[in-house]
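Asks: File coords_1.csv follows (CSV, C-alpha atoms):
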chain,number,residue,atom,x,y,z
A,756,MET,CA,0.0,0.0,0.0
A,757,TYR,CA,2.8,2.4,0.9
A,758,VAL,CA,4.6,1.7,-2.4
A,759,ALA,CA,1.5,2.0,-4.4
A,760,LEU,CA,0.7,5.4,-2.9
A,761,VAL,CA,4.1,6.7,-3.6
A,762,CYS,CA,4.1,5.5,-7.2
A,763,LEU,CA,0.6,7.0,-7.8
A,764,ALA,CA,1.8,10.3,-6.3
A,765,VAL,CA,4.8,10.4,-8.6
A,766,VAL,CA,2.6,9.5,-11.7
A,767,ALA,CA,0.0,12.1,-10.7
A,768,ALA,CA,2.6,14.8,-10.2
A,769,GLY,CA,4.0,14.0,-13.7
A,770,LEU,CA,0.7,13.9,-15.5
A,771,SER,CA,-0.5,17.1,-13.8
A,772,GLY,CA,2.5,19.0,-14.8
A,773,LEU,CA,3.5,19.9,-11.3
A,774,VAL,CA,6.8,18.1,-11.8
A,775,HIS,CA,8.5,17.5,-15.2
A,776,PHE,CA,9.9,14.0,-15.4
A,777,THR,CA,11.9,12.6,-18.3
A,778,ALA,CA,12.0,8.9,-19.0
A,779,GLU,CA,15.4,8.8,-17.4
A,780,THR,CA,14.8,10.8,-14.2
A,781,ALA,CA,11.5,9.0,-13.5
A,782,VAL,CA,13.4,5.8,-12.9
A,783,PRO,CA,15.5,6.9,-9.9
A,784,VAL,CA,12.5,9.0,-8.5
A,785,ILE,CA,10.1,6.0,-8.6
A,786,LEU,CA,12.7,3.6,-7.5
A,787,GLY,CA,13.8,5.8,-4.6
A,788,GLY,CA,10.3,6.6,-3.5
A,789,ALA,CA,9.2,3.0,-3.7
A,790,THR,CA,12.2,1.9,-1.7
A,791,ALA,CA,11.7,4.6,1.0
A,792,ALA,CA,8.0,3.6,1.3
A,793,ALA,CA,8.9,-0.1,1.5
A,794,MET,CA,11.5,0.6,4.2
A,795,LEU,CA,9.1,2.7,6.2
A,796,ALA,CA,6.3,0.1,6.0
A,797,THR,CA,8.7,-2.7,7.0
A,798,PHE,CA,10.0,-0.6,10.0
A,799,VAL,CA,6.5,0.5,11.2
A,800,HIS,CA,4.5,-2.7,10.7
A,801,LEU,CA,7.2,-5.3,11.4
A,802,VAL,CA,10.1,-4.0,13.4
A,803,ARG,CA,8.6,-1.3,15.5
A,804,ARG,CA,5.2,-3.0,16.1
A,805,ASN,CA,6.9,-6.2,17.3
A,806,LYS,CA,9.7,-4.3,19.1
A,807,LEU,CA,12.3,-6.3,17.2
A,808,THR,CA,16.1,-5.7,17.6
A,809,PRO,CA,18.6,-6.3,14.8
A,810,GLY,CA,19.6,-9.5,16.6
A,811,MET,CA,16.0,-10.7,16.8
A,812,LEU,CA,15.8,-10.1,13.0
A,813,GLY,CA,18.8,-12.3,12.4
A,814,PHE,CA,21.7,-9.9,12.1
A,815,ARG,CA,24.7,-11.5,13.7
A,816,ARG,CA,28.5,-10.7,13.9
A,817,PHE,CA,30.6,-12.0,11.0
A,818,ASP,CA,32.6,-15.2,11.8
A,819,ALA,CA,34.9,-17.5,9.9
A,820,ARG,CA,31.9,-19.5,8.5
A,821,MET,CA,31.0,-16.5,6.4
A,822,LEU,CA,34.0,-17.1,4.3
A,823,HIS,CA,31.9,-19.8,2.6
A,824,LEU,CA,30.2,-16.9,0.9
A,825,LEU,CA,33.2,-16.6,-1.4
A,826,TRP,CA,32.0,-19.7,-3.3
A,827,GLN,CA,28.3,-19.7,-2.3
A,828,ILE,CA,27.5,-16.3,-3.8
A,829,PRO,CA,28.9,-17.1,-7.3
A,830,THR,CA,27.5,-20.6,-7.2
A,831,ALA,CA,24.0,-19.3,-6.4
A,832,ILE,CA,24.1,-16.7,-9.2
A,833,VAL,CA,25.4,-19.1,-11.8
A,834,ALA,CA,22.8,-21.8,-10.8
A,835,SER,CA,20.0,-19.2,-11.0
A,836,ALA,CA,21.2,-18.0,-14.4
A,837,CYS,CA,21.4,-21.5,-15.7
A,838,ALA,CA,17.9,-22.3,-14.5
A,839,GLN,CA,16.6,-19.1,-16.2
A,840,GLY,CA,18.4,-20.0,-19.4
A,841,LEU,CA,16.8,-23.5,-19.5
A,842,PHE,CA,13.4,-21.9,-18.8
A,843,LEU,CA,13.8,-19.4,-21.7
A,844,ALA,CA,15.0,-22.3,-23.9
A,845,VAL,CA,11.8,-24.2,-23.1
A,846,LEU,CA,9.7,-21.1,-23.8
A,847,SER,CA,11.3,-20.7,-27.2
A,848,LEU,CA,10.5,-24.3,-28.0
A,849,VAL,CA,6.8,-23.6,-27.4
A,850,GLY,CA,6.9,-20.4,-29.4
A,851,VAL,CA,7.2,-17.8,-26.7
A,852,ASP,CA,9.7,-15.0,-27.3
A,853,GLY,CA,11.9,-15.0,-24.3
A,854,ALA,CA,13.6,-11.8,-25.5
A,855,ALA,CA,10.5,-9.9,-24.2
A,856,SER,CA,12.0,-10.4,-20.7
A,857,ASN,CA,14.4,-7.7,-21.5
A,858,SER,CA,11.7,-5.1,-22.0
A,859,SER,CA,11.4,-4.6,-18.3
A,860,ASN,CA,15.0,-3.4,-18.3
A,861,GLY,CA,14.4,-0.7,-21.0
A,862,ALA,CA,13.6,2.2,-18.7
A,863,LEU,CA,16.3,1.1,-16.2
A,864,GLY,CA,18.8,1.0,-19.0
A,865,ARG,CA,18.3,4.7,-19.6
A,866,VAL,CA,19.8,5.4,-16.2
A,867,ALA,CA,23.2,5.2,-18.0
A,868,GLU,CA,22.3,8.6,-19.6
A,869,LEU,CA,21.9,10.3,-16.2
A,870,PRO,CA,24.5,12.4,-14.4
A,871,ALA,CA,26.9,10.4,-12.3
A,872,PRO,CA,25.3,11.4,-9.0
A,873,LEU,CA,21.9,9.9,-10.1
A,874,ILE,CA,23.6,6.8,-11.4
A,875,GLY,CA,25.3,6.4,-8.0
A,876,LEU,CA,21.9,6.9,-6.2
A,877,THR,CA,20.3,4.2,-8.3
A,878,VAL,CA,23.2,1.8,-7.5
A,879,LEU,CA,22.9,2.7,-3.8
A,880,ILE,CA,19.1,1.9,-3.8
A,881,ALA,CA,19.3,-1.2,-5.9
A,882,ALA,CA,22.5,-2.8,-4.4
A,883,VAL,CA,22.3,-1.6,-0.8
A,884,LEU,CA,18.9,-0.4,0.5
A,885,THR,CA,16.7,-2.8,-1.4
A,886,PRO,CA,18.5,-6.0,-0.3
A,887,LEU,CA,18.4,-4.8,3.3
A,888,TRP,CA,14.7,-4.3,3.6
A,889,GLU,CA,13.8,-7.2,1.3
A,890,GLU,CA,15.9,-9.6,3.4
A,891,VAL,CA,14.4,-8.3,6.6
A,892,LEU,CA,11.0,-9.0,5.2
A,893,PHE,CA,11.4,-12.2,3.2
A,894,ARG,CA,14.1,-14.1,5.1
A,895,GLY,CA,13.8,-12.3,8.5
A,896,ALA,CA,10.0,-12.4,8.8
A,897,PHE,CA,8.4,-14.7,6.1
A,898,LEU,CA,11.0,-17.5,6.2
A,899,SER,CA,11.2,-17.5,10.1
A,900,GLY,CA,7.4,-17.5,10.3
A,901,LEU,CA,6.9,-20.3,7.7
A,902,THR,CA,9.6,-22.4,9.5
A,903,GLN,CA,7.4,-22.5,12.6
A,904,HIS,CA,4.4,-23.9,10.6
A,905,CYS,CA,6.0,-25.9,7.8
A,906,ARG,CA,8.8,-28.4,7.2
A,907,PRO,CA,12.1,-26.6,6.4
A,908,PHE,CA,12.0,-27.5,2.7
A,909,ALA,CA,8.4,-26.2,2.3
A,910,ALA,CA,9.3,-23.0,4.2
A,911,VAL,CA,12.2,-22.4,1.9
A,912,ALA,CA,10.2,-23.1,-1.3
A,913,ILE,CA,7.2,-21.0,-0.3
A,914,SER,CA,9.3,-18.0,0.8
A,915,ALA,CA,11.2,-18.2,-2.5
A,916,ALA,CA,7.9,-18.4,-4.5
A,917,ILE,CA,6.5,-15.3,-2.7
A,918,PHE,CA,9.8,-13.5,-3.2
A,919,ALA,CA,9.7,-14.2,-7.0
A,920,ALA,CA,6.0,-13.5,-7.3
A,921,VAL,CA,6.0,-10.0,-5.8
A,922,HIS,CA,8.5,-8.8,-8.4
A,923,LEU,CA,5.7,-9.2,-11.0
A,924,VAL,CA,8.0,-10.2,-13.8
A,925,LEU,CA,6.7,-13.6,-15.1
A,926,LEU,CA,9.6,-14.3,-17.5
A,927,THR,CA,12.2,-13.9,-14.7
A,928,PHE,CA,10.2,-15.9,-12.2
A,929,ILE,CA,12.5,-18.9,-12.4
A,930,TYR,CA,15.6,-16.9,-11.8
A,931,LEU,CA,14.1,-15.1,-8.9
A,932,PHE,CA,12.7,-18.3,-7.5
A,933,MET,CA,16.1,-20.0,-7.6
A,934,LEU,CA,17.7,-16.9,-6.1
A,935,GLY,CA,15.1,-16.9,-3.4
A,936,ILE,CA,15.9,-20.6,-2.6
A,937,ALA,CA,19.6,-19.7,-2.4
A,938,LEU,CA,18.9,-16.7,-0.1
A,939,ALA,CA,16.8,-18.8,2.2
A,940,LEU,CA,19.4,-21.6,2.3
A,941,LEU,CA,22.2,-19.1,3.1
A,942,LYS,CA,20.0,-17.8,6.0
A,943,ARG,CA,19.6,-21.3,7.4
A,944,PHE,CA,23.2,-22.3,6.8
A,945,HIS,CA,24.8,-19.2,8.4
A,946,GLN,CA,22.0,-18.3,10.9
A,947,ASN,CA,22.9,-14.8,10.0
A,948,LEU,CA,20.8,-12.4,7.9
A,949,TRP,CA,23.9,-10.7,6.6
A,950,ALA,CA,24.6,-13.7,4.4
A,951,PRO,CA,21.5,-13.4,2.2
A,952,VAL,CA,21.9,-9.6,2.3
A,953,LEU,CA,25.3,-9.9,0.7
A,954,LEU,CA,24.2,-12.4,-2.0
A,955,HIS,CA,21.2,-10.1,-2.8
A,956,SER,CA,23.5,-7.1,-3.0
A,957,VAL,CA,26.0,-8.7,-5.3
A,958,ASN,CA,23.2,-10.1,-7.5
A,959,ASN,CA,21.5,-6.7,-7.8
A,960,ALA,CA,24.8,-4.9,-8.5
A,961,LEU,CA,25.7,-7.4,-11.1
A,962,VAL,CA,22.3,-7.2,-12.9
A,963,LEU,CA,22.5,-3.4,-12.8
A,964,LEU,CA,26.1,-3.5,-14.2
A,965,ILE,CA,25.0,-5.8,-17.1
A,966,ILE,CA,22.1,-3.5,-17.9
A,967,LEU,CA,24.2,-0.3,-17.9
A,968,SER,CA,27.0,-2.0,-19.9
A,969,ALA,CA,24.6,-3.3,-22.5
A,970,THR,CA,23.0,0.2,-22.8
A,971,GLN,CA,26.3,1.9,-23.3
A,972,ASN,CA,27.3,-0.6,-26.0
Turn this file's structure into structure tokens for me.

Replies:
Amino acid sequence: MYVALVCLAVVAAGLSGLVHFTAETAVPVILGGATAAAMLATFVHLVRRNKLTPGMLGFRRFDARMLHLLWQIPTAIVASACAQGLFLAVLSLVGVDGAASNSSNGALGRVAELPAPLIGLTVLIAAVLTPLWEEVLFRGAFLSGLTQHCRPFAAVAISAAIFAAVHLVLLTFIYLFMLGIALALLKRFHQNLWAPVLLHSVNNALVLLIILSATQN
């Protein structure tokens, strides 16, 4: 609800002429507004309402076990990409154009044309702030709650499906689902929410880097 209200406000401001948005500047504005709204909603309705501390959410100190992330992060990203490639290959066999999945990146790709400060802001939002609040919500709250009512495998799968579904991009569902499974497994393996946050951050930064590089080329 918070995110929808912010997006509607931005659209209304643009259509009414109160604020002039270009196709490029609209992206960081909407992304920043939606992220701020999501973080506020997560804090008010999850953290503050339940009087949760960082430790209760799952944030722990780093230990030697976290060094496993050096191979776990690239393995998770490669496995997710391979699953997505197989999914798109199957779609092409049944006559569905998988290239349409790139259309969702069209507006984001225009960020490359923005001044350096706005590009930096977009990277900060996508690679730092978004992973933080999404992991607090999906692995800190949803996964923990589901684990209390389901078997571990079911909790991991359901939380991953919810994570993939809320992104509302059908053609990348498999990638996000596999990534969601990896994020949940990292949370269970390390018992530390920083582990999925780091994977999520690296993934988002890599995706953004690929989009920006493709646009410049």

Asks: If we count all atoms listed in the file and set the cut-off at 10 Å, which residues sit around region 831-840 of chain A, ignoring sequence neighbours fewer than 4 positions away in its own chain? Please answer as a ChimeraX atom specification.

Replies: /A:824,826-827,844-846,853,926-938,941,954-955,957-958,961

Asks: Rounded to one decimal in Å, what is the spacing between CA of His904 (chain A) and CA of Met794 (chain A)?

Replies: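 These two atoms are separated by 26.3 Å.
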
Asks: For Thr797 (chain A), which residue out of A:Ala909, A:Trp888, A:Gln946, A:Leu763 is the nearest one, using all atoms listed in the file?

Replies: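 Once distances to Thr797 (chain A) are computed over all atoms listed in the file, the minimum belongs to A:Trp888.
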
Asks: Using all atoms listed in the file, can you tell me which of A:Leu967, A:Leu948, A:Ala916, A:Leu869 comes closest to Gly813 (chain A)?

Replies: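 Checking each candidate against Gly813 (chain A), we get A:Leu948 as the closest.
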
Asks: Taking all atoms listed in the file into account, name the residue in A:Thr902, A:Thr790, A:Ser968, A:Ser771 that is nearest to Leu879 (chain A).

Replies: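 Smallest distance to Leu879 (chain A) is found for A:Thr790.
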
Asks: With only C-alpha atoms as the counted atoms, please give the residues lying no more than 10 Å from Leu801 (chain A), apart from itself and same-chain residues fewer than 5 positions off, as a PyMOL selection string.

Replies: chain A and resi 795-796+806-807+812+891-892+896

Asks: In Å, rounded to a single decimal, give me how far CA of Ile874 (chain A) is from CA of Gly769 (chain A).

Replies: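 Atom-to-atom, CA of Gly769 (chain A) and CA of Ile874 (chain A) are spaced 21.0 Å apart.
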
Asks: To one decimal in Å, tell me the separation between CA of Asn959 (chain A) and CA of Leu848 (chain A).

Replies: 29.0 Å

Asks: Tell me which protein, DNA and RNA residues are within 8 Å of Val761 (chain A), counting only C-alpha atoms, leaving out same-chain ones fewer than 2 positions away, and put them as number ranges by chain.

Replies: A: 757-759, 763-765, 785, 788-789, 792

Asks: Nearest to His945 (chain A) among A:Val799, A:Cys762, A:Leu963, A:Ala819, with distances taken over only C-alpha atoms: which residue is it?

Replies: A:Ala819
